[in-house]
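Asker: Contents are PDB, C-alpha atoms; file name data.pdb:
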```pdb
ATOM      1  CA  MET A  27      83.060  78.223 109.789
ATOM      2  CA  ASN A  28      86.753  77.325 109.709
ATOM      3  CA  LYS A  29      88.956  79.463 111.940
ATOM      4  CA  LYS A  30      91.184  81.973 110.183
ATOM      5  CA  HIS A  31      94.781  81.156 111.060
ATOM      6  CA  ILE A  32      97.879  83.126 110.042
ATOM      7  CA  ILE A  33     101.124  81.148 110.306
ATOM      8  CA  ILE A  34     104.326  83.199 109.989
ATOM      9  CA  ILE A  35     107.835  81.804 109.500
ATOM     10  CA  HIS A  36     110.847  84.135 109.587
ATOM     11  CA  GLY A  37     114.046  84.220 107.519
ATOM     12  CA  ARG A  38     117.712  83.569 108.187
ATOM     13  CA  ALA A  39     120.478  85.418 110.099
ATOM     14  CA  ILE A  40     120.931  86.130 113.803
ATOM     15  CA  LYS A  41     117.766  86.548 115.873
ATOM     16  CA  PRO A  42     116.665  87.650 119.338
ATOM     17  CA  GLN A  43     115.056  85.209 121.766
ATOM     18  CA  PRO A  44     111.862  83.556 120.474
ATOM     19  CA  HIS A  45     109.444  85.550 122.662
ATOM     20  CA  VAL A  46     111.117  88.803 121.606
ATOM     21  CA  LYS A  47     111.070  87.900 117.926
ATOM     22  CA  GLU A  48     107.404  86.943 118.201
ATOM     23  CA  ARG A  49     106.566  90.270 119.871
ATOM     24  CA  LEU A  50     108.293  92.235 117.114
ATOM     25  CA  VAL A  51     106.614  90.213 114.377
ATOM     26  CA  LEU A  52     103.118  90.497 115.850
ATOM     27  CA  THR A  53     103.489  94.211 116.568
ATOM     28  CA  SER A  54     104.645  94.889 112.989
ATOM     29  CA  LEU A  55     101.780  92.864 111.555
ATOM     30  CA  ILE A  56      98.968  94.198 113.746
ATOM     31  CA  GLU A  57      99.971  97.851 113.524
ATOM     32  CA  GLY A  58     100.309  97.575 109.750
ATOM     33  CA  ILE A  59      96.791  96.193 109.534
ATOM     34  CA  ARG A  60      95.504  98.828 111.967
ATOM     35  CA  ARG A  61      96.471 101.574 109.477
ATOM     36  CA  LEU A  62      93.856 100.181 107.104
ATOM     37  CA  ASP A  63      91.290  98.416 109.261
ATOM     38  CA  LYS A  64      91.062  98.833 113.044
ATOM     39  CA  LYS A  65      88.361  96.182 113.311
ATOM     40  CA  VAL A  66      90.501  93.479 111.695
ATOM     41  CA  ALA A  67      93.491  94.488 113.819
ATOM     42  CA  LYS A  68      91.344  94.100 116.922
ATOM     43  CA  SER A  69      90.175  90.667 115.788
ATOM     44  CA  ILE A  70      93.803  89.532 115.726
ATOM     45  CA  GLU A  71      94.523  91.093 119.120
ATOM     46  CA  GLU A  72      91.480  89.315 120.561
ATOM     47  CA  GLU A  73      92.631  86.048 118.915
ATOM     48  CA  LYS A  74      89.483  85.734 116.835
ATOM     49  CA  VAL A  75      92.029  85.367 114.059
ATOM     50  CA  LYS A  76      94.737  83.043 115.299
ATOM     51  CA  VAL A  77      98.414  83.829 114.663
ATOM     52  CA  THR A  78     101.146  81.214 115.061
ATOM     53  CA  PHE A  79     104.793  82.206 114.842
ATOM     54  CA  ILE A  80     107.376  79.644 113.713
ATOM     55  CA  TYR A  81     110.841  80.225 115.164
ATOM     56  CA  TYR A  82     114.134  78.565 114.255
ATOM     57  CA  GLY A  83     116.412  81.479 115.156
ATOM     58  CA  ASP A  84     118.222  79.372 117.730
ATOM     59  CA  VAL A  85     119.371  77.043 114.933
ATOM     60  CA  SER A  86     120.544  79.938 112.744
ATOM     61  CA  ASN A  87     122.295  81.582 115.694
ATOM     62  CA  ARG A  88     124.087  78.351 116.579
ATOM     63  CA  ILE A  89     125.376  77.856 113.042
ATOM     64  CA  LEU A  90     126.411  81.479 112.553
ATOM     65  CA  VAL A  91     128.240  81.733 115.885
ATOM     66  CA  ASP A  92     130.127  78.559 114.973
ATOM     67  CA  LYS A  93     130.948  79.510 111.374
ATOM     68  CA  LYS A  94     131.342  83.288 111.825
ATOM     69  CA  PRO A  95     132.398  83.928 115.461
ATOM     70  CA  GLU A  96     132.608  87.666 114.800
ATOM     71  CA  VAL A  97     128.804  87.824 114.913
ATOM     72  CA  LYS A  98     129.009  87.385 118.694
ATOM     73  CA  LYS A  99     129.959  91.054 118.901
ATOM     74  CA  GLY A 100     126.852  92.807 120.093
ATOM     75  CA  MET A 101     125.033  89.557 120.930
ATOM     76  CA  ILE A 102     124.188  88.272 124.407
ATOM     77  CA  CYS A 103     124.710  84.782 125.826
ATOM     78  CA  ILE A 104     121.787  83.208 127.698
ATOM     79  CA  ASP A 105     122.172  79.675 129.074
ATOM     80  CA  GLY A 106     124.981  79.004 126.632
ATOM     81  CA  LYS A 107     123.028  80.245 123.604
ATOM     82  CA  TRP A 108     123.664  83.477 121.696
ATOM     83  CA  TYR A 109     120.945  85.966 120.796
ATOM     84  CA  VAL A 110     120.484  89.502 119.526
ATOM     85  CA  PRO A 111     119.770  91.742 122.594
ATOM     86  CA  ASP A 112     116.096  91.977 123.498
ATOM     87  CA  ASP A 113     115.832  95.711 122.847
ATOM     88  CA  GLU A 114     117.965  95.859 119.677
ATOM     89  CA  TYR A 115     115.077  96.621 117.321
ATOM     90  CA  ASP A 116     112.710  98.585 119.555
ATOM     91  CA  LYS A 117     113.712 102.125 118.529
ATOM     92  CA  SER A 118     113.710 101.255 114.830
ATOM     93  CA  LEU A 119     110.332  99.583 115.156
ATOM     94  CA  LYS A 120     108.802 102.641 116.823
ATOM     95  CA  LYS A 121     109.982 104.799 113.915
ATOM     96  CA  LEU A 122     108.563 102.316 111.422
ATOM     97  CA  LEU A 123     105.169 102.241 113.118
ATOM     98  CA  ARG A 124     104.925 106.039 113.116
ATOM     99  CA  ARG A 125     104.985 106.160 109.306
ATOM    100  CA  SER A 126     101.594 107.239 108.001
ATOM    101  CA  LEU A 127      99.594 105.347 105.403
ATOM    102  CA  GLU A 128     100.301 107.997 102.768
ATOM    103  CA  ASP A 129     104.076 107.944 103.272
ATOM    104  CA  HIS A 130     104.947 104.713 101.459
ATOM    105  CA  THR A 131     105.800 106.086  98.022
ATOM    106  CA  GLY A 132     108.972 105.927  95.986
ATOM    107  CA  ASP A 133     109.721 109.545  96.848
ATOM    108  CA  ASP A 134     109.369 108.771 100.558
ATOM    109  CA  TYR A 135     111.745 105.844 100.141
ATOM    110  CA  SER A 136     114.321 107.945  98.279
ATOM    111  CA  GLN A 137     114.328 110.426 101.144
ATOM    112  CA  LEU A 138     114.859 107.651 103.664
ATOM    113  CA  LYS A 139     117.613 105.574 102.159
ATOM    114  CA  ASP A 140     121.323 106.294 102.180
ATOM    115  CA  LYS A 141     123.325 106.836  99.013
ATOM    116  CA  GLU A 142     124.193 103.144  99.099
ATOM    117  CA  ILE A 143     121.849 100.487 100.396
ATOM    118  CA  LYS A 144     123.332  98.430 103.184
ATOM    119  CA  LEU A 145     122.532  94.860 102.230
ATOM    120  CA  GLY A 146     121.602  94.052 105.785
ATOM    121  CA  ASP A 147     121.807  90.778 107.646
ATOM    122  CA  ASP A 148     121.069  88.458 104.731
ATOM    123  CA  LEU A 149     124.155  89.356 102.712
ATOM    124  CA  ALA A 150     127.554  90.271 104.070
ATOM    125  CA  PRO A 151     128.224  94.032 103.963
ATOM    126  CA  TYR A 152     131.094  93.514 101.555
ATOM    127  CA  VAL A 153     128.958  91.859  98.869
ATOM    128  CA  SER A 154     128.404  94.709  96.431
ATOM    129  CA  PRO A 155     125.119  95.538  94.686
ATOM    130  CA  ILE A 156     126.871  94.743  91.391
ATOM    131  CA  MET A 157     127.719  91.272  92.627
ATOM    132  CA  ALA A 158     124.216  90.811  93.991
ATOM    133  CA  ALA A 159     122.747  91.939  90.678
ATOM    134  CA  VAL A 160     123.845  88.698  89.013
ATOM    135  CA  GLY A 161     121.847  86.685  91.526
ATOM    136  CA  ILE A 162     122.509  84.704  94.677
ATOM    137  CA  THR A 163     124.983  82.047  93.588
ATOM    138  CA  GLN A 164     125.938  78.936  95.506
ATOM    139  CA  ARG A 165     129.325  80.544  96.189
ATOM    140  CA  ILE A 166     127.686  83.567  97.836
ATOM    141  CA  ILE A 167     125.427  81.307  99.891
ATOM    142  CA  GLU A 168     128.292  79.108 101.079
ATOM    143  CA  LYS A 169     130.587  82.011 101.973
ATOM    144  CA  ASN A 170     128.200  84.547 103.447
ATOM    145  CA  MET A 171     125.096  82.630 104.536
ATOM    146  CA  PRO A 172     126.288  79.516 106.391
ATOM    147  CA  ASP A 173     122.901  79.003 108.044
ATOM    148  CA  LEU A 174     121.150  78.897 104.664
ATOM    149  CA  ASP A 175     123.957  76.744 103.271
ATOM    150  CA  SER A 176     123.499  74.319 106.172
ATOM    151  CA  TYR A 177     119.748  74.177 105.574
ATOM    152  CA  LEU A 178     120.209  73.410 101.887
ATOM    153  CA  ASN A 179     123.059  70.930 102.259
ATOM    154  CA  SER A 180     122.673  69.250 105.661
ATOM    155  CA  ARG A 181     119.862  66.745 106.093
ATOM    156  CA  VAL A 182     120.179  67.052 109.880
ATOM    157  CA  VAL A 183     119.883  70.847 109.926
ATOM    158  CA  GLY A 184     117.193  70.866 107.242
ATOM    159  CA  SER A 185     115.086  68.366 109.167
ATOM    160  CA  GLU A 186     115.531  70.291 112.423
ATOM    161  CA  ILE A 187     114.263  73.513 110.853
ATOM    162  CA  ARG A 188     111.448  71.943 108.798
ATOM    163  CA  GLU A 189     110.163  70.196 111.898
ATOM    164  CA  ARG A 190     109.405  73.575 113.494
ATOM    165  CA  LEU A 191     106.925  74.354 110.717
ATOM    166  CA  GLN A 192     105.721  70.826 110.040
ATOM    167  CA  CYS A 193     104.303  70.239 113.522
ATOM    168  CA  LYS A 194     102.270  73.453 113.713
ATOM    169  CA  LEU A 195     101.138  73.419 110.091
ATOM    170  CA  LYS A 196     100.058  69.782 110.264
ATOM    171  CA  ASP A 197      97.964  70.452 113.370
ATOM    172  CA  ALA A 198      96.314  73.442 111.701
ATOM    173  CA  LEU A 199      95.521  71.488 108.545
ATOM    174  CA  LEU A 200      94.038  68.561 110.450
ATOM    175  CA  ALA A 201      91.961  70.996 112.513
ATOM    176  CA  GLY A 202      90.472  72.327 109.272
ATOM    177  CA  ASP A 203      91.779  75.862 109.805
ATOM    178  CA  ASP A 204      91.583  78.405 106.994
ATOM    179  CA  ILE A 205      95.308  79.118 106.696
ATOM    180  CA  ALA A 206      97.362  82.023 105.413
ATOM    181  CA  LEU A 207     101.003  80.933 105.462
ATOM    182  CA  VAL A 208     103.307  83.974 105.464
ATOM    183  CA  SER A 209     106.979  83.211 104.859
ATOM    184  CA  HIS A 210     110.016  85.465 104.627
ATOM    185  CA  SER A 211     113.397  84.968 102.944
ATOM    186  CA  MET A 212     114.822  81.537 103.857
ATOM    187  CA  GLY A 213     111.445  80.786 105.429
ATOM    188  CA  CYS A 214     110.039  80.694 101.871
ATOM    189  CA  ILE A 215     112.391  77.811 101.078
ATOM    190  CA  VAL A 216     111.454  75.994 104.280
ATOM    191  CA  ALA A 217     107.747  76.514 103.572
ATOM    192  CA  TYR A 218     108.070  75.281  99.973
ATOM    193  CA  ASP A 219     109.836  72.108 101.095
ATOM    194  CA  VAL A 220     107.252  71.402 103.804
ATOM    195  CA  LEU A 221     104.339  72.043 101.439
ATOM    196  CA  TRP A 222     105.886  69.675  98.920
ATOM    197  CA  LYS A 223     106.369  66.968 101.563
ATOM    198  CA  PHE A 224     102.800  67.316 102.840
ATOM    199  CA  SER A 225     101.305  66.965  99.357
ATOM    200  CA  ARG A 226     103.631  64.322  97.903
ATOM    201  CA  MET A 227     105.128  61.955 100.486
ATOM    202  CA  SER A 228     103.256  58.826 101.499
ATOM    203  CA  GLU A 229     103.813  59.325 105.232
ATOM    204  CA  TYR A 230     101.697  62.472 104.957
ATOM    205  CA  ARG A 231      98.868  60.815 103.037
ATOM    206  CA  GLU A 232      96.341  62.091 105.588
ATOM    207  CA  LEU A 233      97.212  65.635 104.438
ATOM    208  CA  TRP A 234      97.022  65.071 100.679
ATOM    209  CA  ASP A 235      93.527  66.565 100.412
ATOM    210  CA  LYS A 236      94.296  69.530 102.708
ATOM    211  CA  LYS A 237      94.851  72.897 101.029
ATOM    212  CA  ILE A 238      96.584  76.156 101.958
ATOM    213  CA  PRO A 239      94.169  78.892 100.772
ATOM    214  CA  LEU A 240      96.880  81.589 100.803
ATOM    215  CA  TRP A 241     100.653  81.364 100.673
ATOM    216  CA  MET A 242     102.337  84.764 100.854
ATOM    217  CA  THR A 243     106.072  84.930 100.150
ATOM    218  CA  LEU A 244     108.028  88.048 101.187
ATOM    219  CA  GLY A 245     111.638  88.855 100.265
ATOM    220  CA  ASN A 246     111.523  85.574  98.412
ATOM    221  CA  PRO A 247     114.685  83.920  96.993
ATOM    222  CA  LEU A 248     112.820  81.105  95.180
ATOM    223  CA  GLY A 249     113.346  82.917  91.876
ATOM    224  CA  GLU A 250     117.089  82.241  92.147
ATOM    225  CA  LEU A 251     118.307  79.253  90.126
ATOM    226  CA  SER A 252     120.832  78.191  92.772
ATOM    227  CA  VAL A 253     118.020  78.040  95.329
ATOM    228  CA  ARG A 254     115.585  76.142  93.079
ATOM    229  CA  GLU A 255     118.280  73.562  92.361
ATOM    230  CA  SER A 256     118.481  72.843  96.107
ATOM    231  CA  LEU A 257     114.766  72.487  96.838
ATOM    232  CA  TYR A 258     113.409  69.231  98.208
ATOM    233  CA  ASP A 259     111.835  68.316  94.870
ATOM    234  CA  SER A 260     114.747  69.407  92.661
ATOM    235  CA  ASP A 261     115.642  65.837  91.667
ATOM    236  CA  GLU A 262     112.082  64.571  91.420
ATOM    237  CA  PRO A 263     110.721  63.259  88.104
ATOM    238  CA  LYS A 264     108.292  65.546  86.302
ATOM    239  CA  ASP A 265     105.210  63.896  87.799
ATOM    240  CA  GLY A 266     106.489  64.509  91.321
ATOM    241  CA  LYS A 267     107.638  68.114  91.108
ATOM    242  CA  TYR A 268     105.972  71.049  92.850
ATOM    243  CA  PRO A 269     103.582  71.143  95.815
ATOM    244  CA  LYS A 270      99.940  70.548  94.955
ATOM    245  CA  ASN A 271      98.292  71.894  98.107
ATOM    246  CA  ILE A 272      98.416  75.673  97.504
ATOM    247  CA  VAL A 273      95.343  77.523  96.247
ATOM    248  CA  ASN A 274      96.639  81.093  95.921
ATOM    249  CA  TRP A 275     100.310  82.126  95.933
ATOM    250  CA  ILE A 276     101.011  85.858  96.333
ATOM    251  CA  ASN A 277     104.640  86.915  95.984
ATOM    252  CA  ILE A 278     105.715  90.347  97.282
ATOM    253  CA  ASN A 279     109.245  91.736  97.158
ATOM    254  CA  ALA A 280     110.709  95.156  97.942
ATOM    255  CA  ASN A 281     112.768  97.467  95.812
ATOM    256  CA  ASP A 282     116.499  97.016  96.538
ATOM    257  CA  ASP A 283     115.880  93.667  98.246
ATOM    258  CA  TYR A 284     118.864  91.863  96.752
ATOM    259  CA  VAL A 285     117.942  88.586  98.443
ATOM    260  CA  ALA A 286     114.956  88.619  96.090
ATOM    261  CA  HIS A 287     117.024  89.770  93.104
ATOM    262  CA  ASP A 288     114.868  87.672  90.763
ATOM    263  CA  GLY A 289     111.694  88.992  92.296
ATOM    264  CA  ASP A 290     109.130  87.343  90.019
ATOM    265  CA  ILE A 291     108.360  83.682  90.569
ATOM    266  CA  LYS A 292     105.379  83.046  88.275
ATOM    267  CA  ASP A 293     107.671  82.459  85.314
ATOM    268  CA  ASP A 294     109.777  80.005  87.324
ATOM    269  CA  PHE A 295     106.794  78.014  88.610
ATOM    270  CA  ILE A 296     104.471  78.360  85.616
ATOM    271  CA  GLN A 297     104.253  74.566  85.314
ATOM    272  CA  MET A 298     102.231  74.543  88.532
ATOM    273  CA  LEU A 299      99.536  76.437  86.636
ATOM    274  CA  HIS A 300      99.880  74.376  83.469
ATOM    275  CA  LYS A 301      99.482  71.165  85.486
ATOM    276  CA  ASN A 302      96.532  72.579  87.496
ATOM    277  CA  LEU A 303      98.431  72.155  90.745
ATOM    278  CA  ILE A 304      97.515  75.673  91.871
ATOM    279  CA  GLU A 305      94.741  78.144  91.047
ATOM    280  CA  ASN A 306      96.752  81.358  91.020
ATOM    281  CA  ILE A 307     100.315  82.691  91.233
ATOM    282  CA  GLU A 308     100.567  86.465  91.504
ATOM    283  CA  ASP A 309     103.688  88.611  91.509
ATOM    284  CA  ILE A 310     102.855  91.978  93.075
ATOM    285  CA  GLN A 311     104.658  95.052  91.756
ATOM    286  CA  ARG A 312     107.675  95.764  93.916
ATOM    287  CA  ILE A 313     106.909  97.749  97.056
ATOM    288  CA  TYR A 314     108.988 100.199  99.096
ATOM    289  CA  THR A 315     109.795  99.132 102.644
ATOM    290  CA  PHE A 316     111.033 101.497 105.327
ATOM    291  CA  TRP A 317     113.132  99.675 107.905
ATOM    292  CA  LYS A 318     116.159 101.604 109.135
ATOM    293  CA  ASP A 319     118.506 100.196 111.772
ATOM    294  CA  ASN A 320     120.063 101.952 114.768
ATOM    295  CA  ASN A 321     123.019 103.052 112.632
ATOM    296  CA  GLY A 322     120.752 104.739 110.107
ATOM    297  CA  HIS A 323     121.150 102.093 107.410
ATOM    298  CA  CYS A 324     118.168 101.026 105.328
ATOM    299  CA  ASN A 325     117.436  97.322 105.103
ATOM    300  CA  PRO A 326     114.731  96.745 102.475
ATOM    301  CA  HIS A 327     114.782  93.020 103.250
ATOM    302  CA  LYS A 328     113.837  93.230 106.936
ATOM    303  CA  LEU A 329     110.759  91.191 107.873
ATOM    304  CA  TYR A 330     109.288  93.937 110.079
ATOM    305  CA  GLY A 331     109.326  96.364 107.160
ATOM    306  CA  TYR A 332     107.389  93.878 105.060
ATOM    307  CA  LEU A 333     104.836  92.927 107.715
ATOM    308  CA  ASN A 334     104.085  96.569 108.503
ATOM    309  CA  HIS A 335     103.560  97.543 104.865
ATOM    310  CA  PRO A 336     100.060  98.528 103.591
ATOM    311  CA  THR A 337     100.254  96.082 100.644
ATOM    312  CA  ILE A 338     100.774  93.081 102.909
ATOM    313  CA  ALA A 339      98.101  94.407 105.278
ATOM    314  CA  GLU A 340      95.625  94.818 102.432
ATOM    315  CA  LYS A 341      96.135  91.258 101.168
ATOM    316  CA  LEU A 342      95.669  89.787 104.638
ATOM    317  CA  ILE A 343      92.623  91.956 105.378
ATOM    318  CA  ASN A 344      91.015  90.772 102.131
ATOM    319  CA  TRP A 345      91.692  87.163 103.083
ATOM    320  CA  ILE A 346      90.422  87.599 106.655
ATOM    321  CA  SER A 347      87.275  89.392 105.437
ATOM    322  CA  ASP A 348      86.540  86.738 102.796
ATOM    323  CA  LYS A 349      83.956  84.571 104.456
TER     324      LYS A 349
END
```
Take the structure in this file and express it as structure tokens.

Answerer:
Amino acid sequence: MNKKHIIIIHGRAIKPQPHVKERLVLTSLIEGIRRLDKKVAKSIEEEKVKVTFIYYGDVSNRILVDKKPEVKKGMICIDGKWYVPDDEYDKSLKKLLRRSLEDHTGDDYSQLKDKEIKLGDDLAPYVSPIMAAVGITQRIIEKNMPDLDSYLNSRVVGSEIRERLQCKLKDALLAGDDIALVSHSMGCIVAYDVLWKFSRMSEYRELWDKKIPLWMTLGNPLGELSVRESLYDSDEPKDGKYPKNIVNWININANDDYVAHDGDIKDDFIQMLHKNLIENIEDIQRIYTFWKDNNGHCNPHKLYGYLNHPTIAEKLINWISDK
């Protein structure tokens, strides 16, 4: 029986050190699953279900410190590299983990959030909800998200980040692992590009018959036109567009997650179904996430809030339990 293998790739913006980020991600994931199924949570802890974390935060940090030096405030320098302090998210994570299974409703969310949602670390604080409501334009990306802009427009940066996922995902595919690829925010773009490369480019011919049983996209910007126009296959002829190695694509976005303003992707990628390149694309009804930072601001886009949510846990438990 092929080994179940969850591969998680994070989103953009400043990050803590890789081992700290991995700890936060795994804790959020496992404790979210534990709310619903202690046995499955234990199987992950005991590595019967493998989890691989893909980190490129050092690249994002480098670009952001260079383009927006003000982000250094509150960061720490280690061996010439800048990171979010190791304990920055610990208190907020503890509060998140204490939330009971029943307390994930719209009413619970309304009680939690401030009068105005802070857009968090994927949009500058001064980008208003009204501006965000028209979608993430190239102008917004260039001005406020230089790390994403660099990924989309620099071959060097793009290759550096894609390589982080390509190496681990290739190994898992060649090993015959049963893979659930979980991507967040900018990580959804990286994952899409890598999946396209693996299923279309001749240098990856050995992977052409390898499939990803589950691709889960969280806080996903792929519904935005400006993002789709920058994807690796954007200039491909019709017979070369879209990855053809995904079996089931589940897309989950949170209420007030302005990075995923256009939250539904089935309509944008419907040709994948028409061309029989994929078996299923499912947009889940928007969920409520409950991350609140140390200043008391809600951030519906935060990865930890997604990974700890019962909907994500349920989908992964179903996949893990499917023999």

Asker: One number please: CA of Tyr135 (chain A) to CA of Ile80 (chain A), in Å, one decimal.

Answerer: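 Pair CA of Tyr135 (chain A) / CA of Ile80 (chain A) returns 29.8 Å.
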
Asker: With all atoms listed in the file counted, which protein, DNA or RNA residues have an atom no more than 12 Å from (113.0, 66.9, 95.9) in the file frame? Please answer as a PyMOL selection string.

Answerer: chain A and resi 178+218-223+226-227+254-269

Asker: Find the residues around region 232-243 of chain A up to 7 Å (all atoms listed in the file counted), leave out those fewer than 5 positions away in its own chain, and share them as a list in words.

Answerer: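 My list of contacting residues is Leu199, Asp204, Ile205, Ala206, Leu207, Val208, Ser209, His210, Cys214, Phe224, Ser225, Asn271, Ile272, Val273, Asn274, Trp275, Ile276, Asn277 and Ile278 of chain A.
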
Asker: So how far away is CA of Ala280 (chain A) from CA of Thr315 (chain A), in Å?

Answerer: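 Result for CA of Thr315 (chain A) versus CA of Ala280 (chain A): 6.2 Å, one decimal.
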
Asker: Write out as a ChimeraX atom specification which residues come within 8 Å of Met298 (chain A) when counting only C-alpha atoms, dropping same-chain ones fewer than 4 positions away.

Answerer: /A:268,270,302-304

Asker: Could you name the residues that touch Leu122 (chain A) at 8 Å or less, counting only C-alpha atoms, but leaving out those on the same chain fewer than 2 positions away, as a VMD selection string?

Answerer: chain A and resid 118 to 120 124 to 125 316 to 318 331 334

Asker: Considering all atoms listed in the file, can you say which of A:Glu250, A:Asp173, A:Asp197, A:Asp113 comes closest to His31 (chain A)?

Answerer: A:Asp197

Asker: Let me know the centre plus edge lengths, in Å and rounded to one decimal, of a box with edges along x, y and z that contains all listed atoms of region 91-102 of chain A and is padded by 6 Å on every side, as JSON.

Answerer:
```
{"center_x": 128.4, "center_y": 85.7, "center_z": 117.9, "size_x": 20.4, "size_y": 26.2, "size_z": 25.0}
```

Asker: Let me make sure I understand: among A:Ala39, A:Ile343, A:Ile313, A:Ile215, which one has the smallest atom-to-atom distance to Thr131 (chain A) if we use all atoms listed in the file?

Answerer: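 With all atoms listed in the file as the atom set, the closest residue is A:Ile313.
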
Asker: What do you get, as a list in words, if you spell out every residue that the PyMOL selection byres ((chain A and resi 62) around 9) selects here?

Answerer: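 This file gives the following for the PyMOL selection byres ((chain A and resi 62) around 9): Gly58, Ile59, Arg60, Arg61, Asp63, Lys64, Val66, Ala67, Leu127, Pro336, Ala339, Glu340 and Ile343 of chain A.
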
Asker: Please evaluate the PyMOL selection byres ((chain A and resi 70) around 12) against the structure above and give the resulting residues as a ChimeraX atom specification.

Answerer: /A:29-32,52-53,55-60,63-69,71-78,342-343,346

Asker: With distances taken over all atoms listed in the file, which of A:Leu200, A:Leu123, A:Met101, A:Val253 is nearest to Ile166 (chain A)?

Answerer: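 Looking only at the distances to Ile166 (chain A), the closest residue turns out to be A:Val253.
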